[in-house]
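Student: For reference, the file start23.tsv (TSV, C-alpha atoms and all ligand atoms) is included below:
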```tsv
chain	number	residue	atom	x	y	z
A	813	MET	CA	0.00	0.00	0.00
A	814	ILE	CA	1.14	3.59	-0.41
A	815	LYS	CA	3.43	3.91	2.61
A	816	SER	CA	1.91	6.95	4.29
A	817	LEU	CA	-1.57	5.40	4.18
A	818	HIS	CA	-0.25	2.07	5.42
A	819	ASP	CA	1.43	3.82	8.36
A	820	TYR	CA	-1.66	5.92	9.10
A	821	VAL	CA	-3.91	2.86	9.35
A	822	TYR	CA	-1.33	0.90	11.33
A	823	ASN	CA	-0.94	3.70	13.86
A	824	ALA	CA	-4.69	4.18	14.21
A	825	TYR	CA	-5.24	0.51	15.11
A	826	LYS	CA	-2.03	-0.36	16.94
A	827	PRO	CA	-3.44	0.25	20.46
A	828	ALA	CA	-5.15	-3.12	19.97
A	829	ILE	CA	-1.79	-4.92	19.84
A	830	GLY	CA	-1.32	-7.01	22.99
A	831	LYS	CA	-5.03	-7.30	23.71
A	832	LYS	CA	-6.87	-10.62	23.88
A	833	ARG	CA	-8.87	-11.35	20.74
A	834	HIS	CA	-12.21	-10.95	22.53
A	835	GLU	CA	-11.21	-7.59	24.07
A	836	ILE	CA	-10.90	-5.44	20.96
A	837	VAL	CA	-13.44	-2.83	19.91
A	838	THR	CA	-16.23	-4.40	17.86
A	839	PRO	CA	-17.00	-4.97	15.10
A	840	ALA	CA	-13.42	-5.92	14.24
A	841	LEU	CA	-11.84	-8.08	11.59
A	842	ILE	CA	-9.71	-10.86	13.06
A	843	LEU	CA	-7.17	-12.97	11.21
A	844	ASP	CA	-6.03	-16.10	13.00
A	845	LEU	CA	-2.47	-16.28	11.71
A	846	ASP	CA	-1.80	-19.93	12.56
A	847	VAL	CA	-4.88	-21.04	10.66
A	848	ALA	CA	-4.07	-18.80	7.67
A	849	LYS	CA	-0.51	-20.20	7.59
A	850	ARG	CA	-1.86	-23.75	7.66
A	851	ASN	CA	-4.18	-22.98	4.74
A	852	ILE	CA	-1.33	-21.42	2.76
A	853	LYS	CA	0.87	-24.44	3.41
A	854	TYR	CA	-1.90	-26.87	2.52
A	855	MET	CA	-2.39	-25.22	-0.87
A	856	ALA	CA	1.37	-24.90	-1.48
A	857	ASP	CA	1.92	-28.59	-0.66
A	858	TYR	CA	-0.93	-29.62	-2.93
A	859	LEU	CA	0.26	-27.52	-5.87
A	860	SER	CA	3.88	-28.60	-5.47
A	861	LYS	CA	2.73	-31.97	-6.84
A	862	MET	CA	0.60	-30.46	-9.60
A	863	PRO	CA	1.47	-28.89	-12.95
A	864	ALA	CA	-0.05	-25.47	-12.16
A	865	ASP	CA	1.60	-22.67	-10.20
A	866	LEU	CA	-0.35	-20.51	-7.79
A	867	LYS	CA	-0.99	-16.87	-8.58
A	868	PRO	CA	-3.47	-16.14	-5.77
A	869	HIS	CA	-6.30	-13.70	-6.27
A	870	ILE	CA	-5.60	-11.03	-3.67
A	871	LYS	CA	-8.87	-9.17	-4.29
A	872	VAL	CA	-9.89	-11.51	-1.46
A	873	GLN	CA	-7.21	-10.37	1.01
A	874	LYS	CA	-6.34	-6.87	-0.24
A	875	CYS	CA	-3.21	-6.94	1.90
A	876	SER	CA	0.44	-6.90	0.91
A	877	GLU	CA	1.54	-8.84	4.01
A	878	LEU	CA	-0.71	-11.75	3.00
A	879	ALA	CA	0.41	-11.53	-0.61
A	880	LYS	CA	4.04	-11.82	0.48
A	881	MET	CA	3.30	-14.77	2.77
A	882	GLN	CA	1.84	-16.65	-0.19
A	883	ILE	CA	4.82	-15.79	-2.37
A	884	GLU	CA	7.20	-17.02	0.32
A	885	ALA	CA	5.22	-20.28	0.28
A	886	GLY	CA	5.76	-20.64	-3.48
A	887	ALA	CA	3.20	-18.45	-5.29
A	888	ILE	CA	4.69	-16.92	-8.45
A	889	GLY	CA	2.89	-13.56	-8.26
A	890	VAL	CA	-0.63	-12.32	-7.56
A	891	CYS	CA	-3.88	-11.73	-9.40
A	892	THR	CA	-5.95	-8.64	-8.73
A	893	ALA	CA	-9.39	-7.48	-9.82
A	894	THR	CA	-8.73	-3.74	-10.01
A	895	VAL	CA	-6.00	-1.48	-11.28
A	896	TRP	CA	-5.65	0.05	-7.79
A	897	GLU	CA	-5.01	-3.33	-6.18
A	898	ALA	CA	-2.47	-4.03	-8.92
A	899	ILE	CA	-0.63	-0.77	-8.31
A	900	VAL	CA	-0.53	-1.34	-4.55
A	901	MET	CA	0.85	-4.86	-5.07
A	902	SER	CA	3.41	-3.71	-7.58
A	903	ARG	CA	4.64	-0.96	-5.24
A	904	ALA	CA	4.78	-3.47	-2.40
A	905	GLY	CA	7.43	-5.29	-4.42
A	906	ILE	CA	5.39	-8.11	-5.96
A	907	GLU	CA	7.16	-8.76	-9.24
A	908	ASP	CA	4.43	-10.41	-11.28
A	909	VAL	CA	1.01	-8.80	-11.00
A	910	TYR	CA	-1.83	-9.98	-13.22
A	911	ILE	CA	-5.17	-8.19	-13.31
A	912	ALA	CA	-7.51	-11.12	-13.94
A	913	ASN	CA	-10.08	-8.74	-15.32
A	914	GLN	CA	-10.65	-6.12	-18.00
A	915	ILE	CA	-9.75	-2.53	-17.21
A	916	GLY	CA	-11.84	0.17	-18.84
A	917	GLY	CA	-11.91	3.96	-18.62
A	918	PRO	CA	-9.12	6.37	-19.61
A	919	ALA	CA	-7.93	7.31	-16.09
A	920	LYS	CA	-7.55	3.70	-15.00
A	921	ILE	CA	-5.87	2.65	-18.24
A	922	LYS	CA	-3.45	5.57	-17.96
A	923	ALA	CA	-2.62	4.75	-14.34
A	924	LEU	CA	-1.96	1.13	-15.32
A	925	ALA	CA	0.23	2.07	-18.28
A	926	GLN	CA	2.24	4.47	-16.11
A	927	GLU	CA	2.71	1.85	-13.41
A	928	ALA	CA	3.94	-0.69	-15.97
A	929	LYS	CA	7.10	1.42	-16.26
A	930	ARG	CA	8.02	0.31	-12.73
A	931	GLY	CA	6.91	-3.35	-12.63
A	932	ARG	CA	5.71	-6.34	-14.62
A	933	LEU	CA	1.97	-5.94	-15.10
A	934	SER	CA	-0.46	-7.89	-17.20
A	935	LEU	CA	-4.21	-8.02	-17.63
A	936	ALA	CA	-7.07	-9.74	-19.37
A	937	VAL	CA	-8.56	-8.42	-22.62
A	938	ASP	CA	-11.63	-9.57	-24.47
A	939	ASN	CA	-12.21	-6.94	-27.16
A	940	LYS	CA	-10.31	-5.00	-29.78
A	941	GLN	CA	-11.34	-1.53	-28.65
A	942	ASN	CA	-10.00	-2.12	-25.16
A	943	ALA	CA	-6.82	-3.60	-26.63
A	944	ASP	CA	-6.37	-0.49	-28.78
A	945	ASP	CA	-6.81	1.77	-25.76
A	946	LEU	CA	-4.32	-0.23	-23.70
A	947	SER	CA	-1.79	-0.21	-26.51
A	948	SER	CA	-2.08	3.56	-27.04
A	949	ALA	CA	-1.73	4.27	-23.31
A	950	ALA	CA	1.28	1.98	-22.95
A	951	LYS	CA	2.89	3.57	-26.00
A	952	ALA	CA	2.31	7.06	-24.59
A	953	ALA	CA	3.75	6.00	-21.23
A	954	GLY	CA	6.69	4.18	-22.80
A	955	SER	CA	5.75	0.93	-21.06
A	956	GLU	CA	4.68	-2.58	-21.99
A	957	LEU	CA	1.59	-4.46	-20.78
A	958	GLY	CA	1.26	-8.23	-20.85
A	959	VAL	CA	-2.12	-9.41	-22.11
A	960	LEU	CA	-4.09	-12.62	-21.76
A	961	ILE	CA	-7.16	-13.16	-23.90
A	962	GLU	CA	-10.06	-13.94	-21.61
A	963	VAL	CA	-12.28	-16.74	-22.86
A	964	ASP	CA	-15.82	-17.09	-21.51
A	965	VAL	CA	-15.88	-20.71	-20.33
A	966	GLY	CA	-19.49	-20.71	-19.18
A	967	MET	CA	-19.90	-17.91	-16.66
A	968	GLY	CA	-21.19	-15.38	-19.19
A	969	ARG	CA	-19.19	-12.47	-17.71
A	970	GLY	CA	-16.00	-11.25	-19.42
A	971	GLY	CA	-14.36	-13.20	-22.21
A	972	VAL	CA	-14.54	-13.81	-25.92
A	973	ARG	CA	-17.50	-15.99	-26.78
A	974	SER	CA	-15.91	-18.36	-29.31
A	975	VAL	CA	-12.67	-19.92	-30.51
A	976	ASP	CA	-12.93	-17.84	-33.70
A	977	GLU	CA	-13.21	-14.64	-31.68
A	978	ALA	CA	-10.13	-15.65	-29.65
A	979	GLU	CA	-8.08	-16.13	-32.81
A	980	ASP	CA	-9.34	-12.89	-34.30
A	981	LEU	CA	-8.37	-10.99	-31.13
A	982	ALA	CA	-4.94	-12.67	-31.04
A	983	GLN	CA	-4.33	-11.58	-34.64
A	984	HIS	CA	-5.37	-8.04	-33.71
A	985	LEU	CA	-3.14	-7.96	-30.62
A	986	SER	CA	-0.14	-9.03	-32.66
A	987	LYS	CA	-0.36	-5.78	-34.64
A	988	LEU	CA	-0.52	-3.51	-31.59
A	989	PRO	CA	2.61	-1.93	-30.15
A	990	ASN	CA	3.52	-2.07	-26.45
A	991	LEU	CA	1.32	-5.09	-25.73
A	992	ARG	CA	2.78	-8.57	-25.24
A	993	PHE	CA	0.56	-11.61	-25.77
A	994	LEU	CA	1.10	-14.09	-22.94
A	995	GLY	CA	-1.76	-16.55	-23.18
A	996	ILE	CA	-5.35	-17.04	-22.12
A	997	GLN	CA	-7.57	-16.91	-19.07
A	998	GLY	CA	-10.77	-18.84	-18.48
A	999	TYR	CA	-12.35	-18.36	-15.07
A	1000	GLU	CA	-14.99	-21.01	-14.41
A	1001	GLY	CA	-16.87	-18.96	-11.78
A	1002	HIS	CA	-20.14	-20.74	-12.55
A	1003	CYS	CA	-18.58	-23.97	-11.25
A	1004	MET	CA	-17.96	-22.44	-7.81
A	1005	LEU	CA	-21.73	-22.09	-7.50
A	1006	GLU	CA	-22.25	-25.81	-8.16
A	1007	PRO	CA	-22.62	-27.55	-4.79
A	1008	ASP	CA	-22.62	-31.09	-6.23
A	1009	HIS	CA	-18.96	-32.16	-6.44
A	1010	GLU	CA	-19.35	-34.55	-9.37
A	1011	LEU	CA	-21.24	-31.99	-11.37
A	1012	ARG	CA	-18.64	-29.36	-10.50
A	1013	VAL	CA	-15.87	-31.64	-11.78
A	1014	LYS	CA	-17.84	-32.22	-14.99
A	1015	LYS	CA	-18.53	-28.55	-15.58
A	1016	ALA	CA	-14.94	-27.52	-14.77
A	1017	LYS	CA	-13.61	-30.11	-17.21
A	1018	GLN	CA	-15.91	-28.77	-19.92
A	1019	ALA	CA	-14.56	-25.28	-19.18
A	1020	ILE	CA	-10.95	-26.44	-19.44
A	1021	ASP	CA	-11.71	-28.39	-22.63
A	1022	LEU	CA	-12.87	-25.16	-24.20
A	1023	LEU	CA	-9.59	-23.54	-23.17
A	1024	GLY	CA	-7.83	-26.54	-24.72
A	1025	GLU	CA	-9.57	-25.84	-28.04
A	1026	VAL	CA	-8.46	-22.21	-27.90
A	1027	ILE	CA	-4.87	-23.21	-27.09
A	1028	GLU	CA	-4.80	-25.52	-30.13
A	1029	ARG	CA	-6.34	-23.00	-32.50
A	1030	LEU	CA	-3.98	-20.25	-31.39
A	1031	ALA	CA	-0.99	-22.58	-31.71
A	1032	LYS	CA	-2.00	-23.34	-35.31
A	1033	ALA	CA	-2.14	-19.62	-35.98
A	1034	GLY	CA	1.34	-19.19	-34.50
A	1035	PHE	CA	0.44	-17.90	-31.04
A	1036	GLU	CA	1.90	-19.77	-28.11
A	1037	CYS	CA	-0.08	-19.66	-24.84
A	1038	ARG	CA	2.69	-19.60	-22.27
A	1039	ILE	CA	0.13	-18.81	-19.58
A	1040	VAL	CA	-3.23	-20.55	-19.21
A	1041	SER	CA	-4.85	-19.11	-16.11
A	1042	GLY	CA	-8.04	-20.03	-14.27
A	1043	GLY	CA	-9.58	-21.64	-11.22
A	1044	GLY	CA	-10.66	-20.62	-7.76
A	1045	THR	CA	-10.87	-22.17	-4.33
A	1046	GLY	CA	-13.92	-24.25	-5.26
A	1047	THR	CA	-12.07	-25.88	-8.18
A	1048	TYR	CA	-8.46	-25.77	-6.98
A	1049	ASN	CA	-8.14	-29.56	-7.05
A	1050	ILE	CA	-9.82	-29.89	-10.45
A	1051	THR	CA	-8.43	-26.97	-12.43
A	1052	GLY	CA	-5.10	-26.99	-10.56
A	1053	ALA	CA	-4.64	-30.67	-11.43
A	1054	ASP	CA	-5.23	-30.28	-15.17
A	1055	PRO	CA	-1.99	-30.25	-17.18
A	1056	ARG	CA	-3.37	-27.60	-19.55
A	1057	ILE	CA	-3.59	-25.02	-16.74
A	1058	THR	CA	-0.34	-23.22	-15.86
A	1059	GLU	CA	-1.65	-20.79	-13.22
A	1060	LEU	CA	-4.33	-21.19	-10.55
A	1061	GLN	CA	-6.11	-18.04	-9.36
A	1062	ALA	CA	-7.51	-19.26	-6.00
A	1063	GLY	CA	-7.62	-16.65	-3.24
A	1064	SER	CA	-10.36	-17.44	-0.74
A	1065	TYR	CA	-8.57	-20.58	0.46
A	1066	VAL	CA	-6.51	-18.40	2.83
A	1067	PHE	CA	-9.57	-17.31	4.85
A	1068	MET	CA	-12.32	-19.69	3.92
A	1069	ASP	CA	-15.84	-18.59	4.75
A	1070	ASN	CA	-19.18	-20.31	4.94
A	1071	PHE	CA	-19.59	-20.31	1.17
A	1072	HIS	CA	-16.19	-21.81	0.33
A	1073	GLY	CA	-16.15	-24.01	3.45
A	1074	SER	CA	-19.09	-25.97	2.14
A	1075	LEU	CA	-17.40	-26.47	-1.25
A	1076	VAL	CA	-13.98	-27.91	-0.46
A	1077	PRO	CA	-12.44	-29.74	2.49
A	1078	GLY	CA	-8.85	-29.33	3.71
A	1079	PHE	CA	-8.90	-25.68	4.73
A	1080	SER	CA	-10.14	-24.03	7.95
A	1081	ARG	CA	-11.74	-20.70	8.76
A	1082	SER	CA	-9.06	-18.12	9.59
A	1083	LEU	CA	-11.16	-14.95	9.24
A	1084	THR	CA	-13.81	-13.83	11.71
A	1085	VAL	CA	-15.65	-10.68	12.67
A	1086	LEU	CA	-15.68	-9.99	16.39
A	1087	SER	CA	-19.03	-8.60	17.50
A	1088	THR	CA	-20.79	-7.75	20.78
A	1089	VAL	CA	-24.21	-8.90	21.95
A	1090	PHE	CA	-25.67	-5.44	22.52
A	1091	ILE	CA	-29.40	-6.23	22.50
A	1092	GLN	CA	-31.16	-9.25	23.96
A	1093	HIS	CA	-34.87	-9.92	24.19
A	1094	GLY	CA	-36.10	-13.34	25.16
A	1095	ASN	CA	-34.51	-15.82	22.79
A	1096	THR	CA	-33.29	-13.18	20.37
A	1097	ILE	CA	-29.71	-12.00	20.65
A	1098	ILE	CA	-28.49	-9.15	18.50
A	1099	MET	CA	-24.85	-8.46	17.68
A	1100	ASP	CA	-23.33	-5.22	16.40
A	1101	ALA	CA	-22.11	-6.70	13.10
A	1102	GLY	CA	-24.72	-6.27	10.39
A	1103	ARG	CA	-24.42	-6.04	6.64
A	1104	LYS	CA	-22.04	-3.07	6.96
A	1105	SER	CA	-19.59	-5.25	8.89
A	1106	ILE	CA	-19.83	-8.71	7.38
A	1107	GLY	CA	-20.29	-10.19	3.91
A	1108	ILE	CA	-23.59	-12.03	3.70
A	1109	ASP	CA	-23.59	-12.91	0.02
A	1110	LEU	CA	-23.55	-16.51	-1.21
A	1111	ALA	CA	-23.93	-17.94	2.34
A	1112	PRO	CA	-25.13	-16.59	5.70
A	1113	PRO	CA	-22.61	-15.81	8.45
A	1114	THR	CA	-22.70	-18.02	11.55
A	1115	MET	CA	-21.41	-17.84	15.12
A	1116	MET	CA	-18.04	-19.58	15.42
A	1117	GLU	CA	-18.89	-21.03	18.82
A	1118	TYR	CA	-22.48	-21.98	17.93
A	1119	PRO	CA	-22.38	-22.82	14.22
A	1120	ASP	CA	-25.78	-24.54	14.21
A	1121	TYR	CA	-27.88	-21.42	14.75
A	1122	GLN	CA	-28.98	-19.71	11.54
A	1123	ALA	CA	-29.25	-15.92	11.57
A	1124	ARG	CA	-32.78	-14.58	11.18
A	1125	PHE	CA	-31.70	-11.32	9.58
A	1126	PHE	CA	-28.76	-9.02	8.99
A	1127	ALA	CA	-29.73	-5.35	9.20
A	1128	GLU	CA	-27.12	-2.70	8.46
A	1129	GLU	CA	-25.68	-2.70	11.99
A	1130	HIS	CA	-27.48	-5.68	13.58
A	1131	ALA	CA	-27.06	-9.45	13.33
A	1132	LEU	CA	-30.20	-11.13	14.66
A	1133	PHE	CA	-30.07	-14.71	15.91
A	1134	ASP	CA	-32.91	-16.62	17.54
A	1135	VAL	CA	-31.35	-19.04	20.01
A	1136	ASP	CA	-32.47	-21.49	22.70
A	1137	GLU	CA	-31.28	-22.52	26.15
A	1138	LYS	CA	-28.18	-24.25	24.75
A	1139	CYS	CA	-26.76	-20.84	23.85
A	1140	LYS	CA	-25.03	-19.31	26.86
A	1141	LEU	CA	-24.42	-15.87	25.37
A	1142	LYS	CA	-25.64	-12.86	27.30
A	1143	LEU	CA	-25.71	-9.10	26.93
A	1144	GLY	CA	-22.20	-7.68	26.67
A	1145	ASP	CA	-20.55	-10.92	25.53
A	1146	THR	CA	-18.40	-10.89	22.45
A	1147	VAL	CA	-19.04	-13.35	19.63
A	1148	GLU	CA	-16.92	-14.23	16.61
A	1149	LEU	CA	-18.90	-14.52	13.41
A	1150	THR	CA	-17.70	-16.44	10.38
A	1151	PRO	CA	-18.40	-14.43	7.22
A	1152	GLY	CA	-20.74	-15.81	4.61
A	1153	TYR	CA	-18.33	-14.49	1.98
A	1154	ALA	CA	-14.84	-13.26	2.88
A	1155	PRO	CA	-14.10	-11.04	-0.16
A	1156	THR	CA	-17.05	-8.77	0.60
A	1157	THR	CA	-16.17	-8.70	4.31
A	1158	VAL	CA	-12.54	-7.63	4.03
A	1159	ASN	CA	-13.30	-4.51	1.99
A	1160	LEU	CA	-15.53	-3.21	4.80
A	1161	TYR	CA	-12.49	-2.81	7.07
A	1162	ASP	CA	-9.32	-0.74	7.33
A	1163	ALA	CA	-7.15	-3.46	8.84
A	1164	PHE	CA	-6.82	-7.04	10.03
A	1165	HIS	CA	-6.24	-7.62	13.71
A	1166	VAL	CA	-3.66	-10.37	13.38
A	1167	VAL	CA	-4.00	-12.85	16.23
A	1168	GLU	CA	-1.64	-15.53	17.49
A	1169	ASP	CA	-2.45	-17.64	20.55
A	1170	ASP	CA	-5.59	-15.52	21.02
A	1171	VAL	CA	-3.59	-12.27	21.36
A	1172	VAL	CA	-3.41	-9.44	18.80
A	1173	VAL	CA	0.19	-9.43	17.59
A	1174	ASP	CA	0.00	-7.10	14.60
A	1175	ILE	CA	-2.15	-4.81	12.48
A	1176	TRP	CA	-2.17	-5.42	8.72
A	1177	PRO	CA	-3.74	-2.59	6.72
A	1178	ILE	CA	-6.20	-3.42	3.96
A	1179	ILE	CA	-6.00	-1.66	0.60
A	1180	PRO	CA	-8.27	1.33	1.21
A	1181	ARG	CA	-11.34	2.26	-0.80
A	1182	GLY	CA	-10.35	5.91	-1.13
A	1183	PRO	CA	-10.10	8.80	-1.13
A	1184	GLY	CA	-8.38	9.43	-4.46
A	1185	HIS	CA	-7.73	5.74	-4.98
A	1186	ASN	CA	-4.90	5.42	-2.49
A	1187	GLY	CA	-3.32	8.69	-3.48
A	1188	ILE	CA	-2.45	7.16	-6.84
A	1189	LEU	CA	-4.63	9.31	-9.06
A	1190	GLY	CA	-2.84	12.53	-9.66
A	1191	GLY	CA	-0.28	11.53	-7.04
A	1201	LIG	C1	-11.45	-14.02	-12.19
A	1201	LIG	C2	-11.42	-14.67	-10.84
A	1201	LIG	N1	-10.44	-15.55	-10.57
A	1201	LIG	C3	-10.32	-16.15	-9.38
A	1201	LIG	C4	-11.22	-15.87	-8.36
A	1201	LIG	C5	-10.91	-16.45	-7.00
A	1201	LIG	O1	-11.79	-17.33	-6.53
A	1201	LIG	P1	-11.78	-17.73	-4.99
A	1201	LIG	O2	-11.92	-16.50	-4.20
A	1201	LIG	O3	-12.98	-18.60	-4.91
A	1201	LIG	O4	-10.54	-18.46	-4.69
A	1201	LIG	C6	-12.31	-15.01	-8.61
A	1201	LIG	C7	-13.31	-14.75	-7.57
A	1201	LIG	O5	-14.35	-14.18	-7.74
A	1201	LIG	C8	-12.39	-14.37	-9.87
A	1201	LIG	O6	-13.36	-13.50	-10.16
```
For this file, write the structure as structure tokens.
Tutor:
Amino acid sequence: MIKSLHDYVYNAYKPAIGKKRHEIVTPALILDLDVAKRNIKYMADYLSKMPADLKPHIKVQKCSELAKMQIEAGAIGVCTATVWEAIVMSRAGIEDVYIANQIGGPAKIKALAQEAKRGRLSLAVDNKQNADDLSSAAKAAGSELGVLIEVDVGMGRGGVRSVDEAEDLAQHLSKLPNLRFLGIQGYEGHCMLEPDHELRVKKAKQAIDLLGEVIERLAKAGFECRIVSGGGTGTYNITGADPRITELQAGSYVFMDNFHGSLVPGFSRSLTVLSTVFIQHGNTIIMDAGRKSIGIDLAPPTMMEYPDYQARFFAEEHALFDVDEKCKLKLGDTVELTPGYAPTTVNLYDAFHVVEDDVVVDIWPIIPRGPGHNGILGG
């Protein structure tokens, strides 16, 4: 992160260092470091026996400390979703930063092209107009951008829609200055939403087969795909095990959350939101971590200590649980909630409270949402 902002956030939160995990001001984002390290090691060990390398998607963690931990464990770089995340990662010293997404809009394209003078940056493209804009900006900045053609493998989001379109775009890219063709991306996000494992394997294989067709067609046309990038936590052991994939983009495996936890075994929950029971009426307990403090998309958050209770509702600042006599929580108690979805939890906070042996040992700032996009725009 830009150093002055990193230091500002660190200093604002550092009074929490040395406190017990249940003593910090709520709602607070807690990272259990031992669990996160175990998850990182588990993935690194798995991939060390597989053909693909890990380029973790740090839109999940938005934190340079966590990016570096994954690189130390063997990751070859990071993926990001936004140009601002990419710039922060590049300035934090990450050598290979891939924006696994399209970047549109002149200010963002200019910022990216400027940054590419300092570090190795690449991104996904799926149309000629965007490629032209990227090429012009890189030429004006005197930099080079790596590009991967994104192929829609079934999600219906970004990506060329056919093998023909992929070849046509590759031909177009080859005529543009200051862009370097590196390969293709196919993110099978629709498979992450498939709860049935067998069906997920089938759908993921179909997605990779489509990438295989594109690889072959491009090879015939003289374009070598050195990078074939895809996959997430829900398909890490399908996509990551396929010899056609060179880079796996999984990111949520570091934290896990209720959505990813139900998809794949092997990893544990390292991320929680500490909350306080601040209202209690009869069997209803209400914590101070509502939708503005915890990601509720894709799966509902649960209490770490009492995972069997389902929340009734998440208001903006209230988490409502109806409990029974088995729940011993009372007014004033603190409760750790497991996010439904970690990526949309992290961005609600300024920093992780990093905990070891139940004590806060460090503060790790999260890439901020503004103002002025981290001081990068015009800075
Ligand atoms: C393009 C892309 N790649 C990879 C991922 C990472 O997936 P996960 O967080 O499930 O590991 C995502 C998540 O949305 C994504 O959009």
Student: Please identify every residue of chain A that has at least one atom no farther than 7 Å from an atom of ligand LIG 1201 (chain A), counting all atoms listed in the file, and for each give the shortest atom pair and the distance in Å to one decimal, arranged by chain then increasing number, as JSON lines.
Tutor:
```
{"residue": "A:His869", "atom": "CA", "partner": "A:LIG1201", "partner_atom": "C5", "distance": 5.4}
{"residue": "A:Val872", "atom": "CA", "partner": "A:LIG1201", "partner_atom": "O2", "distance": 6.0}
{"residue": "A:Ala912", "atom": "CA", "partner": "A:LIG1201", "partner_atom": "C1", "distance": 5.2}
{"residue": "A:Asn913", "atom": "CA", "partner": "A:LIG1201", "partner_atom": "C1", "distance": 6.3}
{"residue": "A:Tyr999", "atom": "CA", "partner": "A:LIG1201", "partner_atom": "C1", "distance": 5.3}
{"residue": "A:Gly1001", "atom": "CA", "partner": "A:LIG1201", "partner_atom": "O6", "distance": 6.7}
{"residue": "A:Met1004", "atom": "CA", "partner": "A:LIG1201", "partner_atom": "O3", "distance": 6.9}
{"residue": "A:Gly1042", "atom": "CA", "partner": "A:LIG1201", "partner_atom": "N1", "distance": 6.3}
{"residue": "A:Gly1043", "atom": "CA", "partner": "A:LIG1201", "partner_atom": "C3", "distance": 5.8}
{"residue": "A:Gly1044", "atom": "CA", "partner": "A:LIG1201", "partner_atom": "O1", "distance": 3.7}
{"residue": "A:Thr1045", "atom": "CA", "partner": "A:LIG1201", "partner_atom": "O4", "distance": 3.7}
{"residue": "A:Gly1046", "atom": "CA", "partner": "A:LIG1201", "partner_atom": "O3", "distance": 5.7}
{"residue": "A:Gln1061", "atom": "CA", "partner": "A:LIG1201", "partner_atom": "C3", "distance": 4.6}
{"residue": "A:Ala1062", "atom": "CA", "partner": "A:LIG1201", "partner_atom": "O4", "distance": 3.4}
{"residue": "A:Gly1063", "atom": "CA", "partner": "A:LIG1201", "partner_atom": "O4", "distance": 3.7}
{"residue": "A:Ser1064", "atom": "CA", "partner": "A:LIG1201", "partner_atom": "O2", "distance": 3.9}
{"residue": "A:Tyr1065", "atom": "CA", "partner": "A:LIG1201", "partner_atom": "O4", "distance": 5.9}
{"residue": "A:His1072", "atom": "CA", "partner": "A:LIG1201", "partner_atom": "O3", "distance": 6.9}
```
Student: If I put a ball of radius 8 Å at (-1.4, -20.9, -8.9) in the file's coordinates, which residues poke into it when counting only C-alpha atoms, written as a list in words?
Tutor: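 Protein and nucleic acid residues near the point are Leu859, Ala864, Asp865, Leu866, Lys867, Pro868, Ala887, Ile888, Gly1052, Thr1058, Glu1059, Leu1060, Gln1061 and Ala1062 of chain A.
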Student: Please compute the CA of Ala953 (chain A)-CA of Glu927 (chain A) distance, one decimal, in Å.
Tutor: 8.9 Å
Student: With distances taken over only C-alpha atoms, which of A:Lys1032, A:Lys940, A:Arg992, A:Lys831 is nearest to Glu977 (chain A)?
Tutor: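 For Glu977 (chain A), the nearest of the given residues is A:Lys940.
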Student: Measuring between only C-alpha atoms, which one of A:Ala1053, A:Val1089, A:Ala828, A:Leu841 shows the shortest distance to Gly1107 (chain A)?
Tutor: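 The shortest atom-to-atom distance to Gly1107 (chain A) comes from A:Leu841.
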Student: Between A:Asn939, A:His834, A:Ala898, A:Ile911, which one has atoms that come closest to Leu981 (chain A), using all atoms listed in the file?
Tutor: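 Smallest distance to Leu981 (chain A) is found for A:Asn939.
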Student: Near region 1016-1030 of chain A, counting only C-alpha atoms, which residues have an atom at most 9 Å away, once you skip same-chain residues fewer than 3 positions from it, shown as a ChimeraX atom specification?
Tutor: /A:963-966,974-976,978-979,982,995-1000,1002-1003,1011-1013,1033-1037,1040,1042-1043,1047,1050-1051,1054,1056-1057
Student: Place a sphere of radius 10 Å on (-8.9, -19.6, 5.3) in the file coordinates and name every protein, DNA or RNA residue with an atom inside or on its surface, counting all atoms listed in the file; give the answer as a PyMOL selection string.
Tutor: chain A and resi 843-845+847-852+1063-1069+1072-1073+1078-1084+1154
Student: Nearest to Val1147 (chain A) among A:Phe1090, A:Tyr1161, A:Tyr854, A:Tyr910, with distances taken over all atoms listed in the file: which residue is it?
Tutor: A:Phe1090
Student: Can you list, as a list in words, every protein, DNA or RNA residue that comes within 9 Å of Asp846 (chain A) when you count only C-alpha atoms, leaving out same-chain residues fewer than 6 positions away?
Tutor: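 The residues satisfying every condition are Ser1082, Val1167, Glu1168 and Asp1169 of chain A.
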Student: What are the centre and edge lengths in Å, to one decimal, of the axis-aligned box around all listed atoms of region 904-917 of chain A with 4 Å added on each side, as AutoDock Vina command-line options?
Tutor:
```
--center_x -2.2 --center_y -3.6 --center_z -10.6 --size_x 27.3 --size_y 23.1 --size_z 24.4
```
Student: Can you tell me how far CA of Asn1095 (chain A) sits from CA of Pro1119 (chain A), in Å to one decimal?
Tutor: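 Between CA of Asn1095 (chain A) and CA of Pro1119 (chain A) the gap works out to 16.4 Å.
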Student: Would you list the contacts of Arg1103 (chain A) as a PyMOL selection string, taking every protein, DNA or RNA residue within 6 Å and counting all atoms listed in the file, but skipping same-chain residues closer than 2 positions in sequence?
Tutor: chain A and resi 1105-1106+1126-1128
Student: Distance CA of Gly905 (chain A)-CA of Ala923 (chain A), one decimal place?
Tutor: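 Computing it gives 17.3 Å between the two atoms.
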Student: Choose the residue, out of A:Met881, A:Met1099, A:Leu960, A:Ile842, that has the smallest atom-to-atom separation from Asp1174 (chain A); count all atoms listed in the file.
Tutor: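 When distances to Asp1174 (chain A) are compared using all atoms listed in the file, the smallest one comes from A:Ile842.
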Student: Skipping near chain neighbours, those fewer than 5 positions away, what residues fall within 9 Å of Trp1176 (chain A) using all atoms listed in the file, listed as an NGL selection string?
Tutor: :A and (818 or 821-822 or 875-878 or 1162-1166)
